[in-house]
$ cat entry37.cif   # mmCIF, C-alpha atoms
data_my_file
#
loop_
_atom_site.label_atom_id
_atom_site.label_comp_id
_atom_site.auth_asym_id
_atom_site.auth_seq_id
_atom_site.Cartn_x
_atom_site.Cartn_y
_atom_site.Cartn_z
CA MET W 245 16.10 1.73 11.76
CA ALA W 246 16.67 5.40 12.41
CA ALA W 247 14.91 7.85 10.15
CA ASP W 248 16.79 10.55 8.32
CA SER W 249 16.26 14.00 9.82
CA GLU W 250 14.66 15.22 6.56
CA GLU W 251 12.70 12.03 5.97
CA ARG W 252 8.93 12.18 6.31
CA VAL W 253 7.36 8.77 6.56
CA LEU W 254 3.62 8.55 5.98
CA ILE W 255 1.63 5.86 7.76
CA GLY W 256 -1.52 4.35 6.28
CA VAL W 257 -4.15 2.76 8.52
CA CYS W 258 -7.37 0.99 7.66
CA ASP W 259 -10.40 3.26 7.84
CA VAL W 260 -14.12 2.75 7.21
CA GLU W 261 -15.37 0.08 4.85
CA LEU W 262 -16.11 1.34 1.35
CA ASP W 263 -19.81 0.87 0.76
CA ARG W 264 -20.58 1.05 -2.96
CA HIS W 265 -24.13 2.17 -2.18
CA ARG W 266 -22.89 5.23 -0.31
CA HIS W 267 -19.35 5.89 -1.48
CA GLN W 268 -17.59 6.35 -4.76
CA SER W 269 -13.98 5.63 -5.61
CA SER W 270 -11.70 6.45 -8.51
CA SER W 271 -8.03 6.21 -9.44
CA LEU W 272 -7.52 9.07 -6.98
CA THR W 273 -8.72 6.96 -4.06
CA ASN W 274 -6.44 5.21 -1.56
CA LYS W 275 -7.99 1.91 -0.57
CA VAL W 276 -7.58 -1.73 0.37
CA GLY W 277 -9.17 -4.42 -1.78
CA GLY W 278 -12.07 -4.21 -4.18
CA PRO W 279 -11.49 -3.91 -7.92
CA PRO W 280 -8.77 -1.52 -9.09
CA ASP W 281 -9.95 1.91 -10.22
CA TRP W 282 -7.93 2.38 -13.37
CA SER W 283 -7.13 5.80 -14.78
CA PRO W 284 -9.56 7.06 -17.47
CA GLY W 285 -8.93 5.69 -20.95
CA PHE W 286 -7.15 2.48 -19.92
CA ALA W 287 -8.28 -0.88 -21.30
CA ARG W 288 -10.12 -3.22 -18.95
CA GLU W 289 -7.87 -6.22 -18.22
CA VAL W 290 -6.86 -8.45 -15.30
CA PRO W 291 -3.23 -9.16 -14.26
CA LEU W 292 -2.21 -12.80 -13.97
CA CYS W 293 0.17 -14.60 -11.63
CA GLY W 294 3.63 -15.10 -13.10
CA ARG W 295 3.85 -18.53 -11.48
CA CYS W 296 0.45 -20.21 -11.95
CA GLU W 297 -1.25 -17.72 -14.32
CA ALA W 298 -4.30 -17.38 -12.08
CA PRO W 299 -6.07 -14.00 -11.98
CA LEU W 300 -4.59 -11.84 -9.23
CA ALA W 301 -6.53 -10.23 -6.40
CA HIS W 302 -6.24 -6.48 -6.00
CA VAL W 303 -4.61 -5.80 -2.63
CA VAL W 304 -4.12 -2.06 -2.36
CA GLN W 305 -4.41 1.11 -4.42
CA VAL W 306 -2.34 4.20 -3.62
CA TYR W 307 -2.73 7.58 -5.28
CA CYS W 308 0.73 9.17 -5.20
CA PRO W 309 1.42 11.99 -7.69
CA LEU W 310 4.86 13.59 -7.62
CA ALA W 311 5.22 17.22 -6.65
CA ALA W 312 6.90 18.39 -9.87
CA SER W 313 4.77 16.29 -12.23
CA PRO W 314 1.57 17.32 -14.06
CA TYR W 315 0.30 13.72 -13.93
CA ASN W 316 -2.10 12.00 -11.62
CA ARG W 317 -0.23 8.87 -10.58
CA THR W 318 -1.56 5.65 -9.03
CA LEU W 319 0.03 2.39 -7.89
CA ASN W 320 -2.03 -0.81 -7.83
CA VAL W 321 -0.65 -3.88 -6.06
CA PHE W 322 -1.91 -7.39 -6.81
CA ALA W 323 -1.23 -10.84 -5.35
CA CYS W 324 -2.00 -14.47 -6.14
CA LEU W 325 -4.13 -16.30 -3.58
CA GLY W 326 -2.83 -19.74 -4.52
CA SER W 327 -1.48 -21.59 -1.50
CA GLU W 328 1.78 -22.39 -3.29
CA CYS W 329 2.20 -18.84 -4.58
CA SER W 330 1.58 -16.81 -1.43
CA GLY W 331 4.74 -15.16 -0.19
CA LEU W 332 6.61 -15.44 -3.49
CA SER W 333 7.71 -12.21 -5.16
CA GLU W 334 6.91 -13.56 -8.63
CA SER W 335 3.29 -14.00 -7.57
CA TRP W 336 2.91 -10.31 -6.78
CA ARG W 337 2.65 -7.47 -9.25
CA VAL W 338 2.57 -3.70 -9.02
CA LEU W 339 1.31 -1.58 -11.91
CA ARG W 340 1.75 2.18 -12.25
CA SER W 341 -0.68 4.30 -14.24
CA GLN W 342 -0.52 8.01 -14.95
CA SER W 343 -2.83 10.49 -16.62
CA LEU W 344 -2.99 14.23 -17.01
CA GLU W 345 -5.33 15.90 -14.58
CA VAL W 346 -8.67 16.79 -16.10
CA LYS W 347 -10.56 19.65 -14.57
CA ALA W 348 -13.97 18.44 -13.50
CA THR W 349 -17.11 20.16 -14.74
CA PRO W 350 -18.96 21.85 -11.86
CA ARG W 351 -21.93 19.80 -10.73
CA ALA W 352 -24.61 19.93 -8.10
CA PRO W 353 -23.52 18.73 -4.68
CA PRO W 354 -24.52 15.14 -3.82
CA ASP W 355 -27.13 14.25 -1.28
CA PRO W 356 -25.87 14.56 2.29
CA GLY W 357 -24.26 11.37 3.55
CA PRO W 358 -22.01 10.17 6.35
CA ALA W 359 -18.85 12.12 6.97
CA GLN W 360 -16.02 10.75 4.83
CA SER W 361 -13.03 12.71 6.10
CA ALA W 362 -11.26 9.41 6.76
CA THR W 363 -11.33 8.60 3.05
CA ASP W 364 -8.65 11.21 2.50
CA TRP W 365 -4.91 10.73 2.87
CA CYS W 366 -4.76 14.29 4.09
CA GLU W 367 -4.99 16.48 7.14
CA SER W 368 -5.79 19.71 5.27
CA ALA W 369 -8.84 20.37 3.17
CA ASP W 370 -7.14 20.11 -0.19
CA ASP W 371 -3.91 18.14 -0.23
CA TRP W 372 -1.09 16.62 1.74
CA GLY W 373 2.30 15.10 1.18
CA MET W 374 6.00 15.71 1.16
CA GLU W 375 7.52 19.13 0.83
CA ASP W 376 9.79 19.78 -2.13
CA ASP W 377 12.91 18.68 -0.26
CA GLY W 378 13.53 15.72 -2.57
CA TRP W 379 15.01 12.46 -1.39
CA GLY W 380 18.22 11.39 -3.04
CA GLY W 381 18.88 14.97 -4.15
CA ALA W 382 16.09 15.04 -6.70
CA ALA W 383 13.31 17.44 -5.83
CA GLU W 384 11.07 16.02 -8.52
CA GLU W 385 10.95 12.72 -6.64
CA SER W 386 9.19 14.23 -3.65
CA PRO W 387 5.58 13.00 -3.69
CA LYS W 388 2.40 14.63 -2.63
CA LEU W 389 -0.77 12.71 -2.07
CA GLU W 390 -3.78 14.87 -2.70
CA ARG W 391 -7.31 14.74 -1.42
CA GLN W 392 -9.34 12.06 -3.11
CA GLU W 393 -12.58 13.09 -4.74
CA ALA W 394 -15.08 10.84 -6.51
CA ALA W 395 -14.25 10.96 -10.21
CA GLU W 396 -14.50 8.79 -13.30
CA GLY W 397 -15.57 5.17 -13.07
CA PRO W 398 -12.98 2.39 -13.10
CA SER W 399 -11.31 1.03 -16.19
CA ALA W 400 -8.29 -1.22 -16.59
CA THR W 401 -4.87 -1.54 -18.19
CA GLU W 402 -2.40 -3.46 -20.23
CA LYS W 403 1.07 -4.45 -19.19
CA GLY W 404 3.89 -1.94 -19.39
CA GLY W 405 7.54 -2.99 -19.01
CA PRO W 406 8.51 -6.34 -17.44
CA ALA W 407 10.12 -6.62 -14.03
CA GLU W 408 13.23 -8.61 -14.82
CA ILE W 409 14.05 -10.23 -11.48
CA SER W 410 13.76 -13.66 -13.10
CA SER W 411 12.78 -15.29 -16.37
CA THR W 412 9.34 -15.96 -14.89
CA LEU W 413 8.76 -12.26 -14.22
CA GLN W 414 9.76 -11.46 -17.79
CA GLU W 415 6.79 -13.52 -18.97
CA LEU W 416 4.17 -11.87 -16.77
CA HIS W 417 1.10 -10.80 -18.71
CA LEU W 418 -2.48 -9.64 -18.38
CA SER W 419 -5.53 -11.72 -19.13
CA GLU W 420 -8.22 -10.78 -21.58
CA ALA W 421 -11.06 -8.60 -20.38
CA GLY W 422 -13.87 -10.43 -18.66
CA VAL W 423 -11.79 -12.90 -16.64
CA ALA W 424 -13.06 -12.83 -13.06
CA ALA W 425 -10.53 -12.05 -10.34
CA PRO W 426 -11.05 -12.68 -6.61
CA GLU W 427 -11.84 -9.58 -4.61
CA PHE W 428 -11.16 -8.50 -1.06
CA ARG W 429 -13.51 -6.36 0.97
CA GLU W 430 -12.87 -2.66 0.38
CA PHE W 431 -11.65 -0.22 3.02
CA PHE W 432 -10.54 3.37 2.72
CA ILE W 433 -7.03 4.17 3.91
CA SER W 434 -6.40 7.04 6.30
CA VAL W 435 -2.97 8.60 6.75
CA MET W 436 -0.78 10.29 9.34
CA GLU W 437 2.83 11.30 9.61
CA GLU W 438 5.02 8.97 11.60
CA SER W 439 6.57 11.97 13.36
CA ASP W 440 3.15 12.83 14.80
CA LEU W 441 2.87 9.54 16.68
CA ASP W 442 4.94 10.68 19.67
CA GLY W 443 2.26 12.36 21.73
CA ASP W 444 -1.47 12.67 22.14
CA ASP W 445 -2.26 12.79 18.44
CA GLU W 446 -5.92 12.92 17.44
CA GLU W 447 -5.40 10.96 14.25
CA LEU W 448 -3.62 8.16 16.08
CA GLY W 449 -6.49 8.01 18.54
CA HIS W 450 -8.91 7.85 15.64
CA ALA W 451 -6.93 5.00 14.09
CA GLN W 452 -6.85 3.09 17.37
CA GLN W 453 -10.60 3.51 17.76
CA LEU W 454 -11.15 2.17 14.24
CA LEU W 455 -8.92 -0.77 15.06
CA LYS W 456 -10.89 -1.61 18.19
CA GLU W 457 -14.17 -1.38 16.30
CA TYR W 458 -12.81 -3.65 13.58
CA GLU W 459 -11.56 -6.23 16.09
CA THR W 460 -14.91 -6.22 17.89
CA ARG W 461 -16.89 -6.52 14.68
CA GLU W 462 -14.72 -9.17 13.00
CA GLY W 463 -13.49 -11.08 16.04
CA VAL W 464 -9.90 -10.54 14.88
CA MET W 465 -7.05 -9.42 17.13
CA VAL W 466 -4.68 -7.37 14.99
CA GLY W 467 -2.13 -7.27 17.81
CA ASP W 468 -1.61 -4.19 19.95
CA LEU W 469 1.98 -3.46 20.87
CA ALA W 470 1.31 0.16 21.70
CA GLU W 471 1.55 1.69 25.15
CA ASP W 472 -0.68 0.09 27.75
CA ASP W 473 -3.09 1.96 29.99
CA ASP W 474 -0.69 1.68 32.93
CA GLY W 475 1.99 3.48 30.94
CA SER W 476 4.13 0.45 30.23
CA CYS W 477 6.05 0.82 27.00
CA ALA W 478 5.75 -1.35 23.89
CA GLU W 479 9.51 -1.67 23.95
CA GLU W 480 9.26 -4.51 26.48
CA GLY W 481 7.17 -6.51 24.03
CA TYR W 482 9.47 -6.18 21.07
CA GLU W 483 12.54 -6.89 23.22
CA LYS W 484 11.02 -10.20 24.33
CA MET W 485 10.26 -11.07 20.74
CA SER W 486 13.72 -10.11 19.55
CA THR W 487 15.21 -12.37 22.21
CA ARG W 488 13.07 -15.25 21.00
CA HIS W 489 13.83 -14.67 17.34
CA GLY W 490 17.43 -13.60 17.74
CA ASP W 491 16.86 -11.36 14.73
CA ILE W 492 18.14 -7.80 14.82
CA ALA W 493 16.19 -6.80 11.73
CA PHE W 494 12.94 -8.12 13.21
CA SER W 495 13.44 -6.36 16.54
CA ARG W 496 14.22 -3.09 14.76
CA PHE W 497 11.09 -3.56 12.69
CA MET W 498 8.94 -4.11 15.79
CA LYS W 499 10.48 -1.15 17.59
CA ARG W 500 9.86 1.17 14.66
CA ILE W 501 6.19 0.26 14.25
CA SER W 502 5.40 0.06 18.00
CA PRO W 503 3.94 3.61 18.21
CA CYS W 504 1.33 2.55 15.63
CA PRO W 505 1.17 -1.25 15.25
CA GLN W 506 -2.06 -1.01 13.26
CA GLN W 507 -0.29 0.57 10.29
CA ILE W 508 -0.93 -1.28 7.06
CA LEU W 509 1.26 0.80 4.76
CA ARG W 510 4.39 2.96 4.96
CA TYR W 511 5.16 5.52 2.26
CA CYS W 512 8.45 7.35 1.81
CA ARG W 513 9.66 7.55 -1.79
CA GLY W 514 13.43 7.62 -2.12
CA SER W 515 14.04 6.48 1.45
CA GLU W 516 15.16 3.10 2.76
CA PRO W 517 12.59 0.36 3.42
CA LEU W 518 11.95 -1.09 6.85
CA PHE W 519 13.07 -4.71 6.48
CA ILE W 520 11.34 -7.32 8.62
CA SER W 521 14.22 -9.75 8.05
CA PRO W 522 17.75 -9.24 6.72
CA PRO W 523 17.70 -8.16 3.06
CA PRO W 524 19.11 -10.61 0.53
CA PRO W 525 22.84 -10.22 -0.24
CA GLY W 526 23.57 -7.76 -3.00
CA MET W 527 20.17 -6.13 -2.68
CA PRO W 528 20.98 -3.14 -4.98
CA GLN W 529 22.06 -5.51 -7.73
CA LEU W 530 18.86 -7.55 -7.38
CA LEU W 531 16.65 -4.58 -8.25
CA PRO W 532 15.82 -4.76 -11.96
CA SER W 533 16.05 -1.63 -14.08
CA CYS W 534 12.84 0.01 -15.22
CA GLY W 535 11.41 -2.08 -18.05
CA SER W 536 10.22 1.05 -19.85
CA CYS W 537 13.21 3.40 -19.80
CA GLY W 538 16.03 1.22 -18.44
CA GLY W 539 16.63 3.63 -15.56
CA ASP W 540 17.16 2.87 -11.89
CA ARG W 541 14.38 2.09 -9.48
CA THR W 542 13.89 3.57 -6.03
CA PHE W 543 11.99 2.42 -2.96
CA GLU W 544 8.56 4.01 -2.67
CA MET W 545 6.33 2.19 -0.20
CA GLN W 546 5.72 -1.06 1.63
CA LEU W 547 2.76 -3.11 2.80
CA MET W 548 2.81 -4.13 6.46
CA PRO W 549 1.90 -7.48 8.11
CA THR W 550 -1.14 -6.04 9.88
CA LEU W 551 -2.78 -5.79 6.47
CA VAL W 552 -3.01 -9.60 6.29
CA SER W 553 -5.80 -9.77 8.88
CA LEU W 554 -7.86 -7.26 6.89
CA LEU W 555 -7.70 -9.09 3.56
CA LYS W 556 -10.95 -11.02 3.52
CA ARG W 557 -12.73 -12.23 0.43
CA SER W 558 -15.91 -10.34 -0.37
CA ASP W 559 -17.46 -13.51 -1.80
CA ARG W 560 -16.84 -15.81 1.18
CA ASN W 561 -18.81 -14.21 4.01
CA GLY W 562 -15.75 -12.57 5.48
CA LYS W 563 -13.55 -15.67 5.48
CA GLU W 564 -9.90 -14.70 5.52
CA ALA W 565 -8.06 -15.39 2.27
CA GLU W 566 -4.98 -17.56 2.05
CA LEU W 567 -2.56 -14.68 1.73
CA GLU W 568 0.33 -14.13 4.12
CA PHE W 569 3.44 -12.00 4.03
CA GLY W 570 5.77 -10.11 6.33
CA THR W 571 6.23 -6.98 4.26
CA VAL W 572 5.96 -6.21 0.57
CA LEU W 573 8.52 -3.66 -0.63
CA VAL W 574 7.56 -1.66 -3.73
CA TYR W 575 10.26 -0.16 -5.95
CA THR W 576 9.35 2.18 -8.81
CA CYS W 577 11.11 3.95 -11.66
CA LYS W 578 13.24 6.71 -10.16
CA SER W 579 12.20 9.15 -12.88
CA SER W 580 8.62 7.83 -13.01
CA CYS W 581 8.98 7.70 -16.79
CA TRP W 582 5.82 8.15 -18.80
CA THR W 583 4.82 8.82 -22.41
CA SER W 584 2.14 11.47 -22.68
CA GLY W 585 -1.13 9.98 -23.86
CA SER W 586 -0.14 6.40 -23.04
CA THR W 587 -2.90 4.07 -21.88
CA LYS W 588 -0.60 1.19 -20.88
CA THR W 589 0.51 0.66 -17.31
CA ALA W 590 4.18 0.52 -16.35
CA GLU W 591 5.30 -2.64 -14.58
CA GLU W 592 7.16 -1.91 -11.34
CA PHE W 593 8.90 -4.27 -8.93
CA CYS W 594 8.03 -5.67 -5.53
CA LEU W 595 10.02 -7.81 -3.13
CA VAL W 596 8.15 -9.98 -0.61
CA GLN W 597 9.65 -10.82 2.78
CA THR W 598 7.97 -13.53 4.85
CA ASP W 599 6.98 -12.81 8.43
CA PRO W 600 9.15 -14.41 11.16
CA ASP W 601 6.05 -14.63 13.35
CA GLN W 602 2.85 -13.99 11.42
CA GLN W 603 0.64 -14.83 14.41
CA LEU W 604 1.73 -11.64 16.18
CA PHE W 605 -0.33 -9.65 13.71
CA LYS W 606 -3.54 -11.69 13.86
#
$ encode --input "entry37.cif" --output "structure tokens"
Amino acid sequence: MAADSEERVLIGVCDVELDRHRHQSSSLTNKVGGPPDWSPGFAREVPLCGRCEAPLAHVVQVYCPLAASPYNRTLNVFACLGSECSGLSESWRVLRSQSLEVKATPRAPPDPGPAQSATDWCESADDWGMEDDGWGGAAEESPKLERQEAAEGPSATEKGGPAEISSTLQELHLSEAGVAAPEFREFFISVMEESDLDGDDEELGHAQQLLKEYETREGVMVGDLAEDDDGSCAEEGYEKMSTRHGDIAFSRFMKRISPCPQQILRYCRGSEPLFISPPPPGMPQLLPSCGSCGGDRTFEMQLMPTLVSLLKRSDRNGKEAELEFGTVLVYTCKSSCWTSGSTKTAEEFCLVQTDPDQQLFK
């Protein structure tokens, strides 16, 4: 799928493991797994599966404020680990929380520790993100993702509006506080621009080194379709796969991600998603309106199949959880509606596509 000339796609890759003894995280942190870091003031609750009502595992947290908004803004994505629920859209949930930025009181610097530059979704010292060019003609929709700093401790939320893709989704709810939810091991997420992947990019090299270290440590092959040492192109690999699958959407997907196959997340609010298989007929009509304001939703980000190999339960000695998917497409309220002072999350919508060949990413 060709990118628009003004489109800036941001690529997330798995970085160092988040060690609670050495690192801190907050609702401003981009990460895989662990418990969600809710915005300050939100009630502590656990989302449940819309199919089996089991507590959901937290999959990924993305801090993604919008350029023209005064709010901090975070998306938390959850999934059910039940074998009969994995891969079903109704067994996934995405909750949006927002809060006004609070200026931190100056404090003494912490004790020196290991460098944590990879914990940021940024290249600069302070922030990163999209310029104010605005996808879909709305400048206020252009996001920026700022540097994450350790902040308030985690809290939790209540349900906002329902995602009305089916009667089951309309009945989704949150459990009472204190219900234990399964947890994945925590990793920080590092970011780069997709347009920077065409050359000898330092961040790509850093990501590839992290991938190799992870594969060596965990004994997991994530699947490297990037350029080989002898200069051979990844295109040969995806062409062979597309021949086997006979799927144009899949081959386009593989071609697009080939410069950085270790990507676990793609972010481009207001753009078009990268489908791993043909979208369902009448896709625009399938997207439910925002449950809070009734407005339209827009694509914001997607989880990639490489993430599956990284989702390991923290309570099972690294054993991989029973969670598989091809890509998870996240759609959010186009206006990012919010009531000032609210402490309830807004329910957004996600569409799960299964992977035509999951083993390629293991």
$ residues_around --input "entry37.cif" --residues "Pro280 in chain W" --least-positions-apart "5" --cutoff "10 Å" --atoms "only C-alpha atoms" --output "MDAnalysis selection string"
chainID W and resid 269:271 273 275 290 301:305 319:322 398:401 427
$ write_last_selection --input "entry37.cif" --atoms "C-alpha atoms" --output "JSON list (two decimals), in the frame of the given file"
[["chain", "number", "residue", "atom", "x", "y", "z"],
["W", 269, "SER", "CA", -13.98, 5.63, -5.61],
["W", 270, "SER", "CA", -11.70, 6.45, -8.51],
["W", 271, "SER", "CA", -8.03, 6.21, -9.44],
["W", 273, "THR", "CA", -8.72, 6.96, -4.06],
["W", 275, "LYS", "CA", -7.99, 1.91, -0.57],
["W", 290, "VAL", "CA", -6.86, -8.45, -15.30],
["W", 301, "ALA", "CA", -6.53, -10.23, -6.40],
["W", 302, "HIS", "CA", -6.24, -6.48, -6.00],
["W", 303, "VAL", "CA", -4.61, -5.80, -2.63],
["W", 304, "VAL", "CA", -4.12, -2.06, -2.36],
["W", 305, "GLN", "CA", -4.41, 1.11, -4.42],
["W", 319, "LEU", "CA", 0.03, 2.39, -7.89],
["W", 320, "ASN", "CA", -2.03, -0.81, -7.83],
["W", 321, "VAL", "CA", -0.65, -3.88, -6.06],
["W", 322, "PHE", "CA", -1.91, -7.39, -6.81],
["W", 398, "PRO", "CA", -12.98, 2.39, -13.10],
["W", 399, "SER", "CA", -11.31, 1.03, -16.19],
["W", 400, "ALA", "CA", -8.29, -1.22, -16.59],
["W", 401, "THR", "CA", -4.87, -1.54, -18.19],
["W", 427, "GLU", "CA", -11.84, -9.58, -4.61]]
$ atom_distance --input "entry37.cif" --atom1 "CA of Arg557 in chain W" --atom2 "CA of Glu430 in chain W"
9.6 Å
$ atom_distance --input "entry37.cif" --atom1 "CA of Trp582 in chain W" --atom2 "CA of Leu518 in chain W"
27.9 Å
$ closest_residue --input "entry37.cif" --among "W:Thr318, W:Thr598, W:Ser533, W:Gln507" --to "Leu254 in chain W" --atoms "all atoms listed in the file"
W:Gln507
$ closest_atom_pairs --input "entry37.cif" --of "range 264-325 of chain W" --to "range 336-347 of chain W" --cutoff "8 Å" --atoms "all atoms listed in the file" --output "JSON lines"
{"residue": "W:Trp282", "atom": "CA", "partner": "W:Ser341", "partner_atom": "CA", "distance": 7.6}
{"residue": "W:Ser283", "atom": "CA", "partner": "W:Ser343", "partner_atom": "CA", "distance": 6.6}
{"residue": "W:Pro284", "atom": "CA", "partner": "W:Ser343", "partner_atom": "CA", "distance": 7.6}
{"residue": "W:Pro291", "atom": "CA", "partner": "W:Arg337", "partner_atom": "CA", "distance": 7.9}
{"residue": "W:Cys293", "atom": "CA", "partner": "W:Trp336", "partner_atom": "CA", "distance": 7.0}
{"residue": "W:Gly294", "atom": "CA", "partner": "W:Trp336", "partner_atom": "CA", "distance": 8.0}
{"residue": "W:Pro314", "atom": "CA", "partner": "W:Leu344", "partner_atom": "CA", "distance": 6.2}
{"residue": "W:Tyr315", "atom": "CA", "partner": "W:Leu344", "partner_atom": "CA", "distance": 4.5}
{"residue": "W:Asn316", "atom": "CA", "partner": "W:Ser343", "partner_atom": "CA", "distance": 5.3}
{"residue": "W:Arg317", "atom": "CA", "partner": "W:Gln342", "partner_atom": "CA", "distance": 4.5}
{"residue": "W:Thr318", "atom": "CA", "partner": "W:Ser341", "partner_atom": "CA", "distance": 5.5}
{"residue": "W:Leu319", "atom": "CA", "partner": "W:Arg340", "partner_atom": "CA", "distance": 4.7}
{"residue": "W:Asn320", "atom": "CA", "partner": "W:Leu339", "partner_atom": "CA", "distance": 5.3}
{"residue": "W:Val321", "atom": "CA", "partner": "W:Val338", "partner_atom": "CA", "distance": 4.4}
{"residue": "W:Phe322", "atom": "CA", "partner": "W:Arg337", "partner_atom": "CA", "distance": 5.2}
{"residue": "W:Ala323", "atom": "CA", "partner": "W:Trp336", "partner_atom": "CA", "distance": 4.4}
{"residue": "W:Cys324", "atom": "CA", "partner": "W:Trp336", "partner_atom": "CA", "distance": 6.5}
$ resolve_selection --input "entry37.cif" --expression "the PyMOL selection byres ((chain W and resi 576) around 9)" --output "list in words"
Val338, Arg340, Arg513, Cys534, Asp540, Arg541, Thr542, Phe543, Glu544, Val574, Tyr575, Cys577, Lys578, Ser579, Ser580, Glu591, Glu592, Phe593 and Cys594 of chain W
$ closest_residue --input "entry37.cif" --among "W:Leu292, W:Ile508, W:Val306, W:Leu325" --to "Lys556 in chain W" --atoms "all atoms listed in the file"
W:Leu325
$ closest_residue --input "entry37.cif" --among "W:Cys296, W:Phe286, W:Phe431, W:Ser330" --to "Asn274 in chain W" --atoms "all atoms listed in the file"
W:Phe431
$ atom_distance --input "entry37.cif" --atom1 "CA of Pro279 in chain W" --atom2 "CA of Ser327 in chain W"
21.3 Å
